[in-house]
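First the structure, in the form of structure tokens, and then the observations on it.
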Amino acid sequence: MTRNKSERQEQVLAYLERYGSITLQEMTDNFDCSEATARRDLDDLEKAGKVIRTMGGGAKYAASGLIREVPFREKQHASYREKEAIANLAASLVEEGDVIGLTGGTTTFLIAKALKKRRNITVVTNAVNIAMELADCEDLQIVLTGGVLRNRSFELCGPLAEQTVKALNIHKMFMGVDGVTGQGVSTYSELEANIANLLMQRSKLTIAVFDHTKVGKSSLFHVAGLQELHACITDKRPAESSEDGAALAGVKVYAAEDESDSGREGDRT
């Protein structure tokens with residue numbers, strides 16, 4: 001029997017290190033605690049970055065090399081100028097009459113802001129904050145999925161969201177991701193990975209958007225292989241000599257720095 005919270009949480013971590021994951025039932029069976037206590041322990045461990053919560057209330061071990069989820073409000077100001085440049089480049093690819101898909105994320109939120117003055121565009125999103133940002137744009141049509149709200153990302157997920165997406169046809173989908181490696185793009189949440197993958201299936205073109213800090217990092221849940229993407233938009237093109245740059249060589253990459261360099265060359269002529 002565990003004596004206190006600290007000791008119990010250390011034992012939970014030892015269990016996770018050995019077995020990789022734990023359910024709430026396994027918590028109550030192995031550590032002589034209530035389900036409410038088990039949830040609080042896992043919440044504490046998640047906030048400390050030691051575990052990753054999963055569907056059903058359990059958790060997985062946060063192995064080294066996996067990035068943890070940061071709430072939207074905490075990360076929205078990180079690399080802001082880079083994300084804004086990515087957003088403007090993404091918006092330049094949107095044409096009148098397009099049906100645009102936007103997953104949740106700080107970069108996709110800025111894409112939505114960049115589209116506010118456009119006309120005759122439909123935006124499909126599962127992100128409540130994106131829908132609210134565009135709500136007063138009379139010349140845009142907004143389609144917001146149903147679903148269960150994840151308050152860290154403002155995304156609606158689950159069967160209701162998926163049911164809505166299955167009925168739609170999207171021209172261009174801009175997908176925010178948490179990690180990009182040679183294995184593909186990944187995200188922190190299993191629910192968000194599922195809805196992003198379904199949006200891809202319903203889209204003619206899928207374009208991943210991410211700043212350079214995401215390259216070379218992976219999150220827990222795989223969304224898609226690089227070969228499944230039609231293009232990527234980033235702020236800084238990865239060096240082709242790097243492992244990740246070589247992996248991205250097979251994908252069309254739009255880099256905001258290329259646009260900036262072109263502008264500077266134009267100023268000099």
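By order of appearance in the structure tokens: chains A, B, ..., then residues from 1 within every chain, and ligands from 1 in the order shown.
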
Please build the interface table for segment 194-216 of chain A against segment 118-140 of chain A with a cut-off of 12 Å, listing for each qualifying residue the nearest atom pair and the distance in Å to one decimal; count only C-alpha atoms, order rows by chain and increasing number, and write it as CSV.
```
residue,atom,partner,partner_atom,distance
A:Asn194,CA,A:Asn126,CA,11.9
A:Ile195,CA,A:Asn126,CA,8.4
A:Ala196,CA,A:Asn126,CA,9.3
A:Leu198,CA,A:Asn126,CA,11.5
A:Leu199,CA,A:Thr125,CA,9.3
A:Arg202,CA,A:Val124,CA,11.1
A:Ser203,CA,A:Val124,CA,10.8
```

**OP:** Run DSSP on the backbone and give me the residues of segment 5-243 of chain A it puts in strand (DSSP E or B), as a ChimeraX atom specification.
**Re:** /A:21-22,51-53,59-61,66,99-102,121-125,127,140-144,148-150,155-157,170-176,179-181,184-187,203-209,215,217-218,221-224,231-234

Subject >> 10 Å contact set for Lys113 of chain A, only C-alpha atoms, chain neighbours under 4 positions out, as a list in words >> reply: Glu84, Ala87, Asn88, Ala91, Thr107, Thr108, Phe109, Lys117, Ile130, Glu133 and Leu134 of chain A

**OP:** Find the distance between atom CA of Leu226 of chain A and atom CA of Gly184 of chain A and write it in Å to one decimal.
**Re:** 4.8 Å

Please provide the set of residues having any atom within 12 Å of Asn30 of chain A, restricted to only C-alpha atoms, with same-chain residues fewer than 4 positions apart removed, written as a PDB file with N, CA and C atoms, in the first residue's frame.
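For reference, part_7.pdb as written:
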```pdb
ATOM      1  N   MET A   1       0.846  -1.200   0.000  1.00  0.00           N
ATOM      2  CA  MET A   1       0.000   0.000   0.000  1.00  0.00           C
ATOM      3  C   MET A   1       0.883   1.251   0.000  1.00  0.00           C
ATOM      4  N   THR A   2       0.554   2.216  -0.882  1.00  0.00           N
ATOM      5  CA  THR A   2       1.335   3.447  -0.937  1.00  0.00           C
ATOM      6  C   THR A   2       0.989   4.346   0.245  1.00  0.00           C
ATOM      7  N   ARG A   8       3.238   7.378  -4.204  1.00  0.00           N
ATOM      8  CA  ARG A   8       2.350   6.731  -5.169  1.00  0.00           C
ATOM      9  C   ARG A   8       2.695   7.165  -6.597  1.00  0.00           C
ATOM     10  N   GLN A   9       2.953   8.439  -6.792  1.00  0.00           N
ATOM     11  CA  GLN A   9       3.268   8.922  -8.130  1.00  0.00           C
ATOM     12  C   GLN A   9       4.604   8.387  -8.629  1.00  0.00           C
ATOM     13  N   GLN A  11       5.729   5.465  -7.867  1.00  0.00           N
ATOM     14  CA  GLN A  11       5.437   4.087  -8.246  1.00  0.00           C
ATOM     15  C   GLN A  11       4.696   4.024  -9.578  1.00  0.00           C
ATOM     16  N   VAL A  12       3.831   4.993  -9.817  1.00  0.00           N
ATOM     17  CA  VAL A  12       3.131   5.064 -11.107  1.00  0.00           C
ATOM     18  C   VAL A  12       4.134   5.269 -12.236  1.00  0.00           C
ATOM     19  N   TYR A  15       5.943   2.117 -12.944  1.00  0.00           N
ATOM     20  CA  TYR A  15       5.057   1.218 -13.692  1.00  0.00           C
ATOM     21  C   TYR A  15       5.035   1.614 -15.174  1.00  0.00           C
ATOM     22  N   ILE A  22      -0.771   3.043 -18.801  1.00  0.00           N
ATOM     23  CA  ILE A  22      -1.569   2.611 -17.659  1.00  0.00           C
ATOM     24  C   ILE A  22      -2.989   3.122 -17.834  1.00  0.00           C
ATOM     25  N   THR A  23      -3.974   2.327 -17.417  1.00  0.00           N
ATOM     26  CA  THR A  23      -5.371   2.743 -17.435  1.00  0.00           C
ATOM     27  C   THR A  23      -5.795   3.151 -16.029  1.00  0.00           C
ATOM     28  N   LEU A  24      -6.942   3.805 -15.937  1.00  0.00           N
ATOM     29  CA  LEU A  24      -7.450   4.175 -14.620  1.00  0.00           C
ATOM     30  C   LEU A  24      -7.741   2.936 -13.777  1.00  0.00           C
ATOM     31  N   GLN A  25      -8.247   1.883 -14.421  1.00  0.00           N
ATOM     32  CA  GLN A  25      -8.525   0.649 -13.689  1.00  0.00           C
ATOM     33  C   GLN A  25      -7.242   0.055 -13.129  1.00  0.00           C
ATOM     34  N   GLU A  26      -6.174   0.092 -13.924  1.00  0.00           N
ATOM     35  CA  GLU A  26      -4.883  -0.417 -13.448  1.00  0.00           C
ATOM     36  C   GLU A  26      -4.349   0.440 -12.304  1.00  0.00           C
ATOM     37  N   SER A  34      -8.635   5.626  -5.250  1.00  0.00           N
ATOM     38  CA  SER A  34      -9.897   5.809  -5.961  1.00  0.00           C
ATOM     39  C   SER A  34      -9.624   6.303  -7.379  1.00  0.00           C
ATOM     40  N   GLU A  35     -10.645   6.233  -8.212  1.00  0.00           N
ATOM     41  CA  GLU A  35     -10.485   6.737  -9.586  1.00  0.00           C
ATOM     42  C   GLU A  35     -10.227   8.239  -9.583  1.00  0.00           C
ATOM     43  N   ALA A  38      -6.668   8.732  -8.804  1.00  0.00           N
ATOM     44  CA  ALA A  38      -5.858   8.333  -9.964  1.00  0.00           C
ATOM     45  C   ALA A  38      -5.838   9.444 -11.005  1.00  0.00           C
TER      46      ALA A  38
END
```

I'd like the neighbourhood of Leu149 of chain A as a CSV table (one decimal) with N, CA and C atoms, in the first residue's frame, where a residue qualifies if any of its atoms comes within 12 Å (using only C-alpha atoms), though same-chain residues fewer than 5 positions away should be ignored.
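Writing the result to selection-v4.csv gives the following:
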```
chain,number,residue,atom,x,y,z
A,104,GLY,N,-6.9,23.1,-35.9
A,104,GLY,CA,-6.6,24.1,-34.8
A,104,GLY,C,-5.1,24.3,-34.8
A,126,ASN,N,-12.5,22.7,-37.3
A,126,ASN,CA,-12.9,22.1,-36.0
A,126,ASN,C,-12.4,22.9,-34.8
A,127,ALA,N,-11.9,24.1,-35.1
A,127,ALA,CA,-11.4,24.9,-34.0
A,127,ALA,C,-12.3,26.1,-33.7
A,128,VAL,N,-12.8,26.1,-32.5
A,128,VAL,CA,-13.8,27.1,-32.1
A,128,VAL,C,-13.2,28.5,-32.2
A,129,ASN,N,-12.0,28.7,-31.8
A,129,ASN,CA,-11.4,30.0,-31.8
A,129,ASN,C,-11.2,30.6,-33.2
A,154,PHE,N,-8.6,24.3,-28.3
A,154,PHE,CA,-9.9,24.8,-28.8
A,154,PHE,C,-10.4,24.0,-29.9
A,155,GLU,N,-9.9,22.8,-30.1
A,155,GLU,CA,-10.4,22.0,-31.2
A,155,GLU,C,-11.6,21.1,-30.7
A,156,LEU,N,-12.5,20.9,-31.6
A,156,LEU,CA,-13.6,20.0,-31.5
A,156,LEU,C,-13.2,18.6,-32.1
A,157,CYS,N,-13.4,17.6,-31.3
A,157,CYS,CA,-12.9,16.2,-31.8
A,157,CYS,C,-14.0,15.2,-31.5
A,158,GLY,N,-13.7,14.0,-31.9
A,158,GLY,CA,-14.6,12.8,-31.5
A,158,GLY,C,-15.6,12.5,-32.6
A,159,PRO,N,-16.5,11.6,-32.4
A,159,PRO,CA,-17.4,11.1,-33.4
A,159,PRO,C,-18.3,12.2,-34.1
A,160,LEU,N,-18.7,13.2,-33.3
A,160,LEU,CA,-19.6,14.2,-33.8
A,160,LEU,C,-18.8,15.1,-34.9
A,161,ALA,N,-17.6,15.4,-34.5
A,161,ALA,CA,-16.7,16.1,-35.5
A,161,ALA,C,-16.4,15.3,-36.7
A,191,LEU,N,-7.0,12.3,-30.4
A,191,LEU,CA,-8.3,12.8,-31.0
A,191,LEU,C,-8.0,13.8,-32.1
A,192,GLU,N,-7.0,14.7,-31.9
A,192,GLU,CA,-6.7,15.7,-33.0
A,192,GLU,C,-6.1,15.0,-34.2
```

Original post:
DSSP says helix (DSSP H, G or I) for which residues of segment 41-247 of chain A? Put them as number ranges by chain?
Top reply: A: 41-47, 55-57, 72-75, 80-92, 106-114, 128-134, 159-165, 190-201, 212-214, 226-228, 243-247

**OP:** Considering only C-alpha atoms, return as a ChimeraX atom specification whatever protein or nucleic-acid residues lie within 7 Å of Ala208 of chain A, sequence-local ones (same chain, fewer than 6 positions apart) excluded.
**Re:** /A:174-177,231-233

Restricted to N, CA, C and O atoms, what would the selected residues look like written as an mmCIF file, in the first residue's frame?
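In the end it all went to selection.cif:
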```cif
data_model
loop_
_atom_site.group_PDB
_atom_site.id
_atom_site.type_symbol
_atom_site.label_atom_id
_atom_site.label_comp_id
_atom_site.auth_asym_id
_atom_site.auth_seq_id
_atom_site.Cartn_x
_atom_site.Cartn_y
_atom_site.Cartn_z
ATOM 1 N N PHE A 174 -5.142 23.213 -44.700
ATOM 2 C CA PHE A 174 -3.921 23.626 -44.030
ATOM 3 C C PHE A 174 -3.915 22.990 -42.642
ATOM 4 O O PHE A 174 -4.797 23.253 -41.830
ATOM 5 N N MET A 175 -2.919 22.163 -42.392
ATOM 6 C CA MET A 175 -2.874 21.358 -41.184
ATOM 7 C C MET A 175 -1.731 21.796 -40.283
ATOM 8 O O MET A 175 -0.561 21.744 -40.671
ATOM 9 N N GLY A 176 -2.072 22.214 -39.063
ATOM 10 C CA GLY A 176 -1.045 22.514 -38.080
ATOM 11 C C GLY A 176 -0.548 21.225 -37.450
ATOM 12 O O GLY A 176 -1.328 20.296 -37.215
ATOM 13 N N VAL A 177 0.751 21.132 -37.196
ATOM 14 C CA VAL A 177 1.335 19.920 -36.614
ATOM 15 C C VAL A 177 2.284 20.307 -35.485
ATOM 16 O O VAL A 177 2.750 21.438 -35.400
ATOM 17 N N ALA A 231 2.155 19.409 -49.953
ATOM 18 C CA ALA A 231 3.146 20.476 -49.777
ATOM 19 C C ALA A 231 3.293 20.784 -48.290
ATOM 20 O O ALA A 231 2.491 20.351 -47.460
ATOM 21 N N CYS A 232 4.328 21.539 -47.977
ATOM 22 C CA CYS A 232 4.562 22.061 -46.635
ATOM 23 C C CYS A 232 4.848 23.551 -46.750
ATOM 24 O O CYS A 232 5.422 24.001 -47.749
ATOM 25 N N ILE A 233 4.478 24.295 -45.738
ATOM 26 C CA ILE A 233 4.839 25.710 -45.663
ATOM 27 C C ILE A 233 5.539 25.935 -44.331
ATOM 28 O O ILE A 233 4.999 25.591 -43.271
#
```

Subject >> d(atom CA of Lys50 of chain A, atom CA of Leu16 of chain A) in Å >> reply: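 The value is 9.8 Å.
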
Subject >> Atomic separation - atom CA of Val180 of chain A relative to atom CA of Gly225 of chain A, Å >> reply: 9.5 Å

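Shortest atom-to-atom contact with Lys172 of chain A among A:Ser21, A:Asn4, A:Thr37, A:Gln201: A:Gln201, counting only C-alpha atoms.
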